[in-house]
Amino acid sequence: MSHNTQKKIAAINDISGFGKCSMTVTLPIVSYLKVQCNPVPTSIFSNHTAYPSFFFDDYTDRMVPYMQEWKKLGLKFDGIMSGYLGSKEQIQMVKTFIDEFRTDQTIVLIDPVMGDNGKTYSIYTEEMCEAMKGLVHYADILTPNLTEACILTDTPYKEEQWKMKELVAMAESLAGKGPDKVVITGIRQGDFIANLVYEKGKEYRILRTHKVGTGRSGTGDIFASIVAADAVNGVDFGRSVKKASSFIKKCIKRSIELDIPRADGVCFEELLHTLKIN
Ligand code: PXL
């Protein structure tokens with residue numbers, strides 16, 4: 001018997017008590033997709049940082065002893081994923097975790113959560129953006145939104161009018177740093193939202209869905225959670241991207257019906273049962 005018989009993903013992320021995002025999204029979604037989800041908390045927030053005020057407790061210095069216990073248990077992970085990281089030290093901690101726990105079989109997904117709509121999130125500094133560039137080298141799968149892809153490749157941000165050539169150049173530049181698979185999400189194209197899917201050795205693809213409503217908090221975390229669990233389950237990358245974006249679209253529609261404020265994220269619980277395992 002071993003602790004490593006069931007598929008599992010170590011999820012390095014914060015816990016935000018309110019405003020559905022990060023760990024509170026990843027845990028249920030990864031579990032629903034039949035993969036054990038093992039949280040590595042980076043910090044605890046009363047609510048995420050898009051609200052005008054929040055309480056924040058940094059967990060960075062507790063992360064090493066936490067990991068050491070997992071080492072003692074001999075835990076091995078099919079996947080390691082990271083999301084929102086609140087300091088440059090936490091970004092370093094993710095590197096340490098990957099160095100300690102990655103095996104030949106481990107798929108590492110880095111969601112370089114840094115900002116949206118052309119702006120960085122409130123506590124994100126220039127120094128952290130630089131540190132995040134270093135973390136890209138550790139990824140097998142990278143899931144930046146358009147803003148994050150621009151920051152990571154030093155490309156000026158613009159809202160629309162992206163030429164395919166420019167988007168592919170960003171994806172290629174990011175893949176050049178290590179990841180085999182890159183998806184740039186949230187590209188506005190008129191009434192559509194597009195994702196650029198880039199896989200080394202394959203033709204790039206642009207996958208579009210009809211835009212509904214406006215952007216909402218936590219949707220990037222839902223996206224990354226589905227893609228990470230699917231990757232561990234052996235689901236084709238393009239299929240997984242399609243599945244994640246159509247699920248998010250349904251969640252946004254339902255959240256509009258229920259009149260949920262944008263910052264509160266999406267009511268994915270209502271629709272989790274519609275998510276396909278493969
Ligand atoms: O959804 C990304 C995210 C996660 N965690 C915290 C955040 C954000 C985005 O604002 O503030 C604490």
# chains A, B, ... in the order shown; residues from 1 in each chain; ligands from 1
$ closest_atom_pairs --of "chain A" --to "ligand 1" --cutoff "8 Å" --atoms "only C-alpha atoms and all ligand atoms" --output "JSON lines"
{"residue": "A:Asn13", "atom": "CA", "partner": "ligand 1", "partner_atom_place_in_ligand_line": "5 (N)", "distance": 7.5}
{"residue": "A:Asp14", "atom": "CA", "partner": "ligand 1", "partner_atom_place_in_ligand_line": "5 (N)", "distance": 5.9}
{"residue": "A:Ile15", "atom": "CA", "partner": "ligand 1", "partner_atom_place_in_ligand_line": "5 (N)", "distance": 7.2}
{"residue": "A:Ser16", "atom": "CA", "partner": "ligand 1", "partner_atom_place_in_ligand_line": "12 (C)", "distance": 5.9}
{"residue": "A:Lys20", "atom": "CA", "partner": "ligand 1", "partner_atom_place_in_ligand_line": "1 (O)", "distance": 7.8}
{"residue": "A:Cys21", "atom": "CA", "partner": "ligand 1", "partner_atom_place_in_ligand_line": "1 (O)", "distance": 4.7}
{"residue": "A:Ser22", "atom": "CA", "partner": "ligand 1", "partner_atom_place_in_ligand_line": "4 (C)", "distance": 4.8}
{"residue": "A:Ile44", "atom": "CA", "partner": "ligand 1", "partner_atom_place_in_ligand_line": "12 (C)", "distance": 7.9}
{"residue": "A:Phe45", "atom": "CA", "partner": "ligand 1", "partner_atom_place_in_ligand_line": "12 (C)", "distance": 6.1}
{"residue": "A:Asn47", "atom": "CA", "partner": "ligand 1", "partner_atom_place_in_ligand_line": "12 (C)", "distance": 6.9}
{"residue": "A:His48", "atom": "CA", "partner": "ligand 1", "partner_atom_place_in_ligand_line": "11 (O)", "distance": 3.9}
{"residue": "A:Thr49", "atom": "CA", "partner": "ligand 1", "partner_atom_place_in_ligand_line": "11 (O)", "distance": 3.6}
{"residue": "A:Ala50", "atom": "CA", "partner": "ligand 1", "partner_atom_place_in_ligand_line": "10 (O)", "distance": 5.0}
{"residue": "A:Gly83", "atom": "CA", "partner": "ligand 1", "partner_atom_place_in_ligand_line": "4 (C)", "distance": 7.0}
{"residue": "A:Tyr84", "atom": "CA", "partner": "ligand 1", "partner_atom_place_in_ligand_line": "4 (C)", "distance": 4.8}
{"residue": "A:Leu85", "atom": "CA", "partner": "ligand 1", "partner_atom_place_in_ligand_line": "5 (N)", "distance": 7.7}
{"residue": "A:Gly86", "atom": "CA", "partner": "ligand 1", "partner_atom_place_in_ligand_line": "12 (C)", "distance": 7.6}
{"residue": "A:Val113", "atom": "CA", "partner": "ligand 1", "partner_atom_place_in_ligand_line": "2 (C)", "distance": 6.2}
{"residue": "A:Met114", "atom": "CA", "partner": "ligand 1", "partner_atom_place_in_ligand_line": "9 (C)", "distance": 7.9}
{"residue": "A:Gly115", "atom": "CA", "partner": "ligand 1", "partner_atom_place_in_ligand_line": "9 (C)", "distance": 7.4}
{"residue": "A:Tyr121", "atom": "CA", "partner": "ligand 1", "partner_atom_place_in_ligand_line": "10 (O)", "distance": 5.9}
{"residue": "A:Ser122", "atom": "CA", "partner": "ligand 1", "partner_atom_place_in_ligand_line": "10 (O)", "distance": 7.7}
{"residue": "A:Ser217", "atom": "CA", "partner": "ligand 1", "partner_atom_place_in_ligand_line": "1 (O)", "distance": 5.5}
{"residue": "A:Gly218", "atom": "CA", "partner": "ligand 1", "partner_atom_place_in_ligand_line": "1 (O)", "distance": 4.0}
{"residue": "A:Thr219", "atom": "CA", "partner": "ligand 1", "partner_atom_place_in_ligand_line": "1 (O)", "distance": 7.0}
{"residue": "A:Gly220", "atom": "CA", "partner": "ligand 1", "partner_atom_place_in_ligand_line": "1 (O)", "distance": 6.3}
{"residue": "A:Asp221", "atom": "CA", "partner": "ligand 1", "partner_atom_place_in_ligand_line": "1 (O)", "distance": 5.7}
$ residues_around --residues "segment 184-186 of chain A" --least-positions-apart "4" --cutoff "7 Å" --atoms "only C-alpha atoms" --output "MDAnalysis selection string"
chainID A and resid 143:146 149 193:197
$ residues_around --residues "Leu152 of chain A" --least-positions-apart "3" --cutoff "8 Å" --atoms "only C-alpha atoms" --output "PDB file with N, CA and C atoms, in the first residue's frame"
ATOM      1  N   CYS A 129       6.583  40.619 -10.750  1.00  0.00           N
ATOM      2  CA  CYS A 129       6.421  40.284 -12.172  1.00  0.00           C
ATOM      3  C   CYS A 129       7.716  39.657 -12.698  1.00  0.00           C
ATOM      4  N   MET A 132       8.011  36.169 -11.415  1.00  0.00           N
ATOM      5  CA  MET A 132       7.086  35.285 -12.121  1.00  0.00           C
ATOM      6  C   MET A 132       7.667  34.841 -13.469  1.00  0.00           C
ATOM      7  N   LYS A 133       8.417  35.745 -14.109  1.00  0.00           N
ATOM      8  CA  LYS A 133       9.081  35.378 -15.375  1.00  0.00           C
ATOM      9  C   LYS A 133       9.989  34.174 -15.146  1.00  0.00           C
ATOM     10  N   GLU A 148      -1.420  38.990 -18.694  1.00  0.00           N
ATOM     11  CA  GLU A 148      -0.248  38.301 -18.125  1.00  0.00           C
ATOM     12  C   GLU A 148       0.743  37.888 -19.220  1.00  0.00           C
ATOM     13  N   ALA A 149       0.213  37.470 -20.376  1.00  0.00           N
ATOM     14  CA  ALA A 149       1.105  37.111 -21.488  1.00  0.00           C
ATOM     15  C   ALA A 149       1.917  38.337 -21.904  1.00  0.00           C
ATOM     16  N   THR A 155       5.465  42.752 -23.813  1.00  0.00           N
ATOM     17  CA  THR A 155       4.725  43.224 -24.994  1.00  0.00           C
ATOM     18  C   THR A 155       3.732  44.291 -24.531  1.00  0.00           C
ATOM     19  N   LEU A 174       6.871  32.431 -24.905  1.00  0.00           N
ATOM     20  CA  LEU A 174       6.634  31.790 -23.597  1.00  0.00           C
ATOM     21  C   LEU A 174       7.031  30.309 -23.656  1.00  0.00           C
TER      22      LEU A 174
END
$ select_by_dssp --residues "segment 91-154 of chain A" --states "strand (DSSP E or B)" --output "list in words"
Ile107, Val108, Leu109, Ile110, Gly115, Asp116, Lys119, Thr120, Ile141, Leu142 and Asn145 of chain A
$ select_by_dssp --residues "segment 5-134 of chain A" --states "helix (DSSP H, G or I)" --output "PyMOL selection string"
chain A and resi 22-32+60-73+88-101+126-134
$ residues_around --residues "Val232 of chain A" --least-positions-apart "2" --cutoff "12 Å" --atoms "only C-alpha atoms" --output "MDAnalysis selection string"
chainID A and resid 6:10 30 33:37 77:81 105:109 140:141 225:230 234:237 240 277:278
$ write_last_selection --atoms "N, CA, C and O atoms" --output "compact mmCIF listing (two decimals), in the first residue's frame"
# COMPACT_ATOMS: atom_id res chain seq x y z
N GLN A 6 -3.72 6.85 -5.77
CA GLN A 6 -4.73 7.68 -6.45
C GLN A 6 -4.05 8.87 -7.12
O GLN A 6 -3.04 9.38 -6.60
N LYS A 7 -4.59 9.29 -8.26
CA LYS A 7 -4.03 10.49 -8.92
C LYS A 7 -4.21 11.69 -8.01
O LYS A 7 -5.25 11.86 -7.40
N LYS A 8 -3.15 12.52 -7.95
CA LYS A 8 -3.29 13.70 -7.10
C LYS A 8 -2.51 14.91 -7.61
O LYS A 8 -1.49 14.76 -8.28
N ILE A 9 -3.05 16.05 -7.25
CA ILE A 9 -2.44 17.33 -7.63
C ILE A 9 -2.17 18.14 -6.36
O ILE A 9 -3.07 18.27 -5.52
N ALA A 10 -0.96 18.66 -6.25
CA ALA A 10 -0.67 19.61 -5.17
C ALA A 10 -1.03 21.00 -5.70
O ALA A 10 -0.51 21.43 -6.73
N VAL A 30 -11.13 20.17 -9.02
CA VAL A 30 -10.17 19.07 -9.22
C VAL A 30 -10.75 17.77 -8.64
O VAL A 30 -10.67 16.71 -9.25
N LEU A 33 -13.34 16.24 -10.78
CA LEU A 33 -12.74 15.58 -11.95
C LEU A 33 -11.93 14.33 -11.54
O LEU A 33 -11.08 13.85 -12.28
N LYS A 34 -12.23 13.83 -10.37
CA LYS A 34 -11.71 12.54 -9.87
C LYS A 34 -10.21 12.53 -9.58
O LYS A 34 -9.55 11.50 -9.69
N VAL A 35 -9.67 13.70 -9.27
CA VAL A 35 -8.27 13.78 -8.90
C VAL A 35 -8.22 14.32 -7.47
O VAL A 35 -8.91 15.28 -7.15
N GLN A 36 -7.41 13.68 -6.63
CA GLN A 36 -7.27 14.17 -5.25
C GLN A 36 -6.55 15.52 -5.29
O GLN A 36 -5.56 15.66 -6.00
N CYS A 37 -7.06 16.47 -4.53
CA CYS A 37 -6.45 17.81 -4.52
C CYS A 37 -5.84 18.07 -3.16
O CYS A 37 -6.53 18.06 -2.15
N PHE A 77 3.37 13.49 -6.69
CA PHE A 77 2.22 14.14 -7.33
C PHE A 77 2.21 13.94 -8.84
O PHE A 77 3.24 14.05 -9.49
N ASP A 78 1.00 13.65 -9.36
CA ASP A 78 0.83 13.56 -10.81
C ASP A 78 0.81 14.97 -11.40
O ASP A 78 1.16 15.17 -12.56
N GLY A 79 0.36 15.90 -10.58
CA GLY A 79 0.33 17.29 -11.02
C GLY A 79 0.70 18.22 -9.89
O GLY A 79 0.48 17.92 -8.71
N ILE A 80 1.30 19.35 -10.26
CA ILE A 80 1.54 20.44 -9.30
C ILE A 80 1.02 21.68 -10.00
O ILE A 80 1.32 21.91 -11.18
N MET A 81 0.18 22.44 -9.30
CA MET A 81 -0.29 23.67 -9.94
C MET A 81 -0.12 24.85 -8.99
O MET A 81 -0.24 24.70 -7.78
N GLN A 105 7.05 11.96 -14.09
CA GLN A 105 5.63 11.85 -14.44
C GLN A 105 4.80 13.09 -14.07
O GLN A 105 3.64 13.19 -14.44
N THR A 106 5.39 13.99 -13.32
CA THR A 106 4.60 15.13 -12.82
C THR A 106 4.36 16.19 -13.90
O THR A 106 5.30 16.59 -14.59
N ILE A 107 3.12 16.61 -14.01
CA ILE A 107 2.80 17.73 -14.92
C ILE A 107 2.68 18.99 -14.07
O ILE A 107 1.90 19.04 -13.12
N VAL A 108 3.46 20.00 -14.43
CA VAL A 108 3.44 21.26 -13.67
C VAL A 108 2.67 22.32 -14.46
O VAL A 108 3.03 22.64 -15.59
N LEU A 109 1.61 22.80 -13.84
CA LEU A 109 0.84 23.89 -14.46
C LEU A 109 1.07 25.17 -13.66
O LEU A 109 0.87 25.18 -12.45
N ASP A 140 5.14 23.02 -17.34
CA ASP A 140 4.84 22.21 -18.53
C ASP A 140 3.66 22.84 -19.26
O ASP A 140 3.55 22.78 -20.47
N ILE A 141 2.74 23.39 -18.47
CA ILE A 141 1.56 24.06 -19.03
C ILE A 141 1.51 25.46 -18.42
O ILE A 141 1.62 25.62 -17.20
N SER A 225 -7.87 25.07 -13.09
CA SER A 225 -8.19 23.84 -12.34
C SER A 225 -8.67 22.74 -13.28
O SER A 225 -8.28 21.57 -13.14
N ILE A 226 -9.51 23.12 -14.25
CA ILE A 226 -10.00 22.12 -15.21
C ILE A 226 -8.84 21.62 -16.08
O ILE A 226 -8.67 20.41 -16.27
N VAL A 227 -8.03 22.55 -16.55
CA VAL A 227 -6.92 22.16 -17.43
C VAL A 227 -5.92 21.27 -16.67
O VAL A 227 -5.42 20.27 -17.22
N ALA A 228 -5.66 21.58 -15.41
CA ALA A 228 -4.70 20.78 -14.63
C ALA A 228 -5.23 19.37 -14.39
O ALA A 228 -4.51 18.38 -14.61
N ALA A 229 -6.50 19.27 -13.97
CA ALA A 229 -7.06 17.94 -13.69
C ALA A 229 -7.15 17.13 -14.99
O ALA A 229 -6.83 15.93 -15.02
N ASP A 230 -7.56 17.78 -16.07
CA ASP A 230 -7.64 17.09 -17.37
C ASP A 230 -6.27 16.58 -17.81
O ASP A 230 -6.14 15.48 -18.34
N GLY A 234 -5.14 12.80 -18.72
CA GLY A 234 -4.77 12.46 -20.10
C GLY A 234 -5.71 13.02 -21.17
O GLY A 234 -5.73 12.53 -22.30
N VAL A 235 -6.46 14.05 -20.84
CA VAL A 235 -7.37 14.66 -21.82
C VAL A 235 -6.55 15.57 -22.75
O VAL A 235 -5.66 16.28 -22.30
N ASP A 236 -6.89 15.53 -24.04
CA ASP A 236 -6.23 16.38 -25.03
C ASP A 236 -6.33 17.86 -24.62
O ASP A 236 -7.37 18.33 -24.18
N PHE A 237 -5.23 18.59 -24.81
CA PHE A 237 -5.14 19.98 -24.33
C PHE A 237 -6.22 20.88 -24.95
O PHE A 237 -6.92 21.61 -24.26
N SER A 240 -9.61 20.17 -23.61
CA SER A 240 -9.71 20.65 -22.25
C SER A 240 -9.96 22.16 -22.21
O SER A 240 -10.78 22.66 -21.43
N ILE A 277 -16.03 14.46 -17.19
CA ILE A 277 -14.76 14.04 -16.60
C ILE A 277 -13.67 13.95 -17.68
O ILE A 277 -12.53 14.30 -17.44
N ASN A 278 -14.03 13.48 -18.89
CA ASN A 278 -13.00 13.37 -19.94
C ASN A 278 -13.26 14.27 -21.14
O ASN A 278 -14.21 14.95 -21.20
$ closest_residue --among "A:Ile187, A:Ser173, A:Phe18, A:Phe56" --to "Ala263 of chain A" --atoms "only C-alpha atoms"
A:Phe18
